[in-house]
Structure formats: C-alpha cells, structure tokens
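Below is one structure, written out as structure tokens; the observations come after it.
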Amino acid sequence: MFICAVNVIFLVCFCSLHQTFGQDCPSRNEIQGSLRQVQKLLSAHEASYMQSLRNLKKKISALQSSAGKQTSKTINSTCPKLDALINGRKLGKSHLVGHEVYFLCDPGYELVGSETRVCQETLTWSGQQPICQDINECASSPCLNAGTCVDEVNQFSCVCAKGWTGATCQSPVPTFLITITNTSATAAAAAATTFPAATTGPFVRPSRCTTVQGTTHCTCEPGYTISGRDSYTCADIDECELFHNGQAGRLCLHACVNTPGGYRCSCPAGYDVTRDGRSCKDIDECATRQNNCSKDQMCINTFGGFQCVRVDCPKIRNATYVKTSPMRCERNPCPVENKACSQTPNSFSYHYMAVVSNLSAPRVMFRVSALRQIGDTLRFSLLGGKQARRHFTVQRSDRLTGQLMLVTPVQGPATVEAEVEMSELERRVQVGRYITKVTLFVSQYDF
Ligand SMILES: [Ca+2]
Ligand SMILES: [Ca+2]
C-alpha cells in the first residue's frame, strides 16, 4: 500500500513538470481524487504506526517493572515461617536466603528429621521439618521378670508381675508374713480382760488377754509380740532386724527404720521412697527447680543428684569454633589451602547421660548418625583415654550409624567420658571429622 501511494505521488509530480505534453496526464479532478486517497492511506498508516509504538512502549514498561520486582525479591526474599517445635526449640530467627536454623529437643525427646534447615534460593527450606519424639526408654526392655514397661517422658516405670517388686521388678516380694498367733475364744465363755501395761513407751504395749475355761490367752496388736518377759506385755517386732538377711530379699532396698508396730524404708539424699514403700526414686531437681545451676549452665538430672554443665567450645590450634547450639560447636570456615585447619574436627557435639551404678552390659548407650554421606567411606571410632576403653567400644549399626556400647559395668559414683569420632573419607582422604563427646554420670546406688 505504501509503495502504491509513493507511485501515485511520483505520477502527480511527473505530470506537473511535463504539463506541456498534456494529453496522457490525468485531469486535475482525477489528481485531486488520487491525492485524497493517498492522504487517507497515509493517515491510516500513521494511526497504525502510532498504535504499534504505544503497544511497544507498554511492553517495555511491563518488562521494566517485572525486572524491578524480581531484583527486590532477590534482595529481601525470605523463606516461609517455620513451625515451632513441640517439646523442642528452634535456634536462628533469620529466614533470609542462605541463613540456617537449628532444632533442639527437650530432654527425654529425640529429634526425628533435619537437625538444621537452610533457606534456599528457591525460597524453600532444605530438609524436612523435624519433630521431637519421646525417647522410648522401654526400648531396652528394662523391666525384669516379665514386668511391663510404661514409657514416660525422660523415664520409665515398671508394672511388675505377681511376686516381683522394685524399680525394675528385680526383687521378689517377701513371702514371709508377720503373723501374730492368737487363740480363738468362744464368745460365750469369753471374759476379756485388759491388763495394765507393765512398762510404758511406744515399743511396749499391753496385751489383750482372754480367759477361756480357766486358761488365759494373751494377744498383741499387729506388729507386736508377747515380750517373753511376761504374757501381759507386748513388744514391738523389729522387722528390720528380723528380716535383715531374709532369703526372699531385703525388706527395704536402701535402709530400714524400725517403728513402733511397724517399720518404714528410707532413702539416701536425692531420692524419695517409691509408692510401694520399699524402693527409692530419684528426685528430678532440674524439673522441680531444686537446683542452683546458673543461667549459662544446663541442669542435668542424675540419679541421686544433678549436675550443672556448660559447654565451652574447644580451643584447638589452627582452627576456631563457634557455638551453634547449646550442645554443639562448629568449626569456622578454614582459609583456602590451610591443610592444618581442614584436618581439625568439623564439629563437637556434647551429650550428658545419667545412669545407675553397675548398669548391666553389653548395652547400647548412644548412637551417632550421619545425615548424609559426603565421601565414599564412613568410619566410626572410639577416642578417649584408658577409662573410656575399659568400659566402651564403638560399633557400626548400619551404613550411616555408629553406636557407643557399654561393655563393662561402671561402679558409681563416677563420671565417665567417651568420644565417638565419625570420619568421612573420599578415596582414602579425610574430608570430614565429627566428634561426639558423651559424658556418663554414674550414680552411687543401683536403684
Ligand atoms: Ca517395728
Ligand atoms: Ca536427681
């Protein structure tokens, strides 16, 4: 169309120049008609051209605004808020790209899922949302003699089978009973007389005597017996002394206190008497705030007491460590080509456990797992001194897990430490070292 319009203009100009030749040129009216048409055509072209320009401008501004949004998104972008942990804590408040959060469970719970999560470029979190699962203290079948284990938070209790008692149903119920022999009297012929007490005091009581057909029979209240001095005096039975070496087991697991007409069991400091009255149960000073740990310390409940612990990151040559959670230190990035630094452990984790004295062995005390394997080989080994080697060994339990085994019972009171090293190798070259320090607080008593 544009070419056509140009041709018409050219024809008009040509004719105006060569009007003298006359007869082949169109008339003035015809030219004016053509010119009007050309004008129309040009207006139409102008309108369409302007429309195209406007469209183009719109597209450019749309592109500019979307590019601007994307830039600001990249700068201020955050990952979605993470759910709080039930029975645990989340460390790290920043949800910006590249930032990391850590998860910790309360004592008695174990973390299932990712220990750390990173806010990725895609504005999603790496890994899986973890949960804090109640540690099943019944997993090691601690109840003996067909007792039923009941898992509780940070502890367990045993429901003992008939004939057994104790925290772990370890003791048979005494089969002997205190029987006060008394003679039955026929009501018709009975004439009851209470004789005055021969001596006074709680351990001595008057007997109750009945004369039947001229014969006197005297009886005592439960817990008392005819003194031997005379029939009219009852003396307290010293159950603690009487059953001290009973074949069916001790009356009390710790100490027996004789009382008038009975006895009671007592426990050492740090323990309460259990409901059955025979055994002792640890007092949880950490849960009941009966401890004096300072704010920067953690309270670890132990059997018969508690410990205040504080994790300080190790001071090691060639490397520096930073605390990433109350129980974990991680190495700061090593300078490039600093081999001495890269050979030092990547992290130190600290774990504290309370156990009773003379815990039976062998048993698994602790498991160390790699979340993901970087190298081609994973190795678990036991570090620490003679004491650690005397009581522990480290075994692999599956491809990514090593376990610390107690092989010799520990006699308390004692504090025993063991270190489990997990190292990753790639073509026999070490690519990572992770140290887990386990501290066992062993109680003095075995209940
Ligand atoms: Ca008594
Ligand atoms: Ca305690």
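Labels for the structure tokens follow display order: chains A, B, ..., residues from 1 in each chain, ligands from 1.
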
Please find the residues contacting ligand 2 at a distance of at most 10 Å between atoms, with only C-alpha atoms and all ligand atoms counted, and report them as a PDB file with C-alpha atoms, in the first residue's frame.
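Listing of pocket_4.pdb after writing:
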ATOM      1  CA  ALA A 269      19.527 -37.791  99.925  1.00  0.00           C
ATOM      2  CA  GLY A 270      18.308 -37.081  96.395  1.00  0.00           C
ATOM      3  CA  TYR A 271      15.759 -39.902  96.448  1.00  0.00           C
ATOM      4  CA  LYS A 281      13.075 -42.976  93.247  1.00  0.00           C
ATOM      5  CA  ASP A 282      15.350 -40.177  92.094  1.00  0.00           C
ATOM      6  CA  ILE A 283      14.172 -36.608  92.654  1.00  0.00           C
ATOM      7  CA  ASP A 284      14.355 -34.621  89.414  1.00  0.00           C
ATOM      8  CA  GLU A 285      15.987 -31.442  90.694  1.00  0.00           C
ATOM      9  CA  CYS A 286      16.081 -29.972  87.183  1.00  0.00           C
ATOM     10  CA  ALA A 287      12.338 -30.268  86.656  1.00  0.00           C
ATOM     11  CA  THR A 288      11.429 -29.181  90.147  1.00  0.00           C
ATOM     12  CA  GLN A 290      15.643 -27.647  93.260  1.00  0.00           C
ATOM     13  CA  ASN A 291      18.974 -26.873  91.607  1.00  0.00           C
ATOM     14  CA  ILE A 300      21.356 -32.450  84.020  1.00  0.00           C
ATOM     15  CA  ASN A 301      19.292 -34.607  86.319  1.00  0.00           C
ATOM     16  CA  THR A 302      21.264 -37.555  87.667  1.00  0.00           C
ATOM     17  CA  PHE A 303      20.272 -40.449  89.892  1.00  0.00           C
ATOM     18  CA  GLY A 304      20.577 -39.101  93.413  1.00  0.00           C
ATOM     19  CA  GLY A 305      21.533 -35.592  92.379  1.00  0.00           C
ATOM     20  CA  PHE A 306      22.050 -33.227  89.472  1.00  0.00           C
ATOM     21  CA  GLN A 307      24.891 -31.644  87.544  1.00  0.00           C
ATOM     22  CA  ALA A 354      22.617 -40.159  83.833  1.00  0.00           C
ATOM     23  CA  SER A 443      25.061 -42.820  90.478  1.00  0.00           C
TER      24      SER A 443
END

### Polymer residues at most 9 Å from Glu137 (chain A), only C-alpha atoms, same-chain spacing of 3 or more positions, as a VMD selection string
chain A and resid 108 134 140 to 142 149 to 156

### Task
Going by DSSP on the backbone, which bits of region 202-385 of chain A are helix (DSSP H, G or I)? Write them as a count of residues only, please.
8

### Task
Name the residues, by chain letter and number, that sit within 8 Å of ligand 1 using only C-alpha atoms and all ligand atoms, and give them as an NGL selection string.
:A and (203 or 223-224 or 236-240 or 258-263)

Closest atom pairs, residues of region 297-416 of chain A within 8 Å of region 433-436 of chain A, only C-alpha atoms, as CSV:
residue,atom,partner,partner_atom,distance
A:Gln343,CA,A:Arg433,CA,7.8
A:Thr344,CA,A:Arg433,CA,7.1
A:Pro345,CA,A:Arg433,CA,4.6
A:Asn346,CA,A:Arg433,CA,5.4
A:Ser347,CA,A:Tyr434,CA,5.0
A:Phe348,CA,A:Ile435,CA,4.8
A:Ser349,CA,A:Thr436,CA,4.7
A:Tyr350,CA,A:Thr436,CA,5.9
A:His351,CA,A:Thr436,CA,7.5
A:Val368,CA,A:Thr436,CA,7.7

### Task
Go through A:Arg54, A:Asn318, A:Arg427, A:Ser114 one by one, measure the shortest atom-to-atom distance of each to Asn338 (chain A) using only C-alpha atoms, and give the residue with the smallest value.
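When distances to Asn338 (chain A) are compared using only C-alpha atoms, the smallest one comes from A:Asn318.
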
### Message
Write out as a ChimeraX atom specification the set of residues from region 155-371 of chain A that DSSP, computed on the backbone, places in strand (DSSP E or B).
### Response
/A:155-159,164-165,171-172,191-194,204-206,208-212,215-219,224-226,233-236,255-259,262-266,271-273,280-282,298-302,305-309,316,319,321-325,328-331,347-355,363-369

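Rounded to one decimal, CA of Ser43 (chain A) and CA of Glu30 (chain A) lie 20.1 Å from each other.
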
### Task
With a distance cut-off of 10 Å and only C-alpha atoms, select the neighbouring residues of Leu371 (chain A), excluding the residue or stretch itself and same-chain residues fewer than 3 positions from it, and output the selection as a ChimeraX atom specification.
/A:113-115,368,374,400-401

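Restricting the calculation to only C-alpha atoms, the smallest distance between Arg328 (chain A) and any of A:Thr122, A:Gly228, A:Leu104, A:Val273 is found for A:Leu104.
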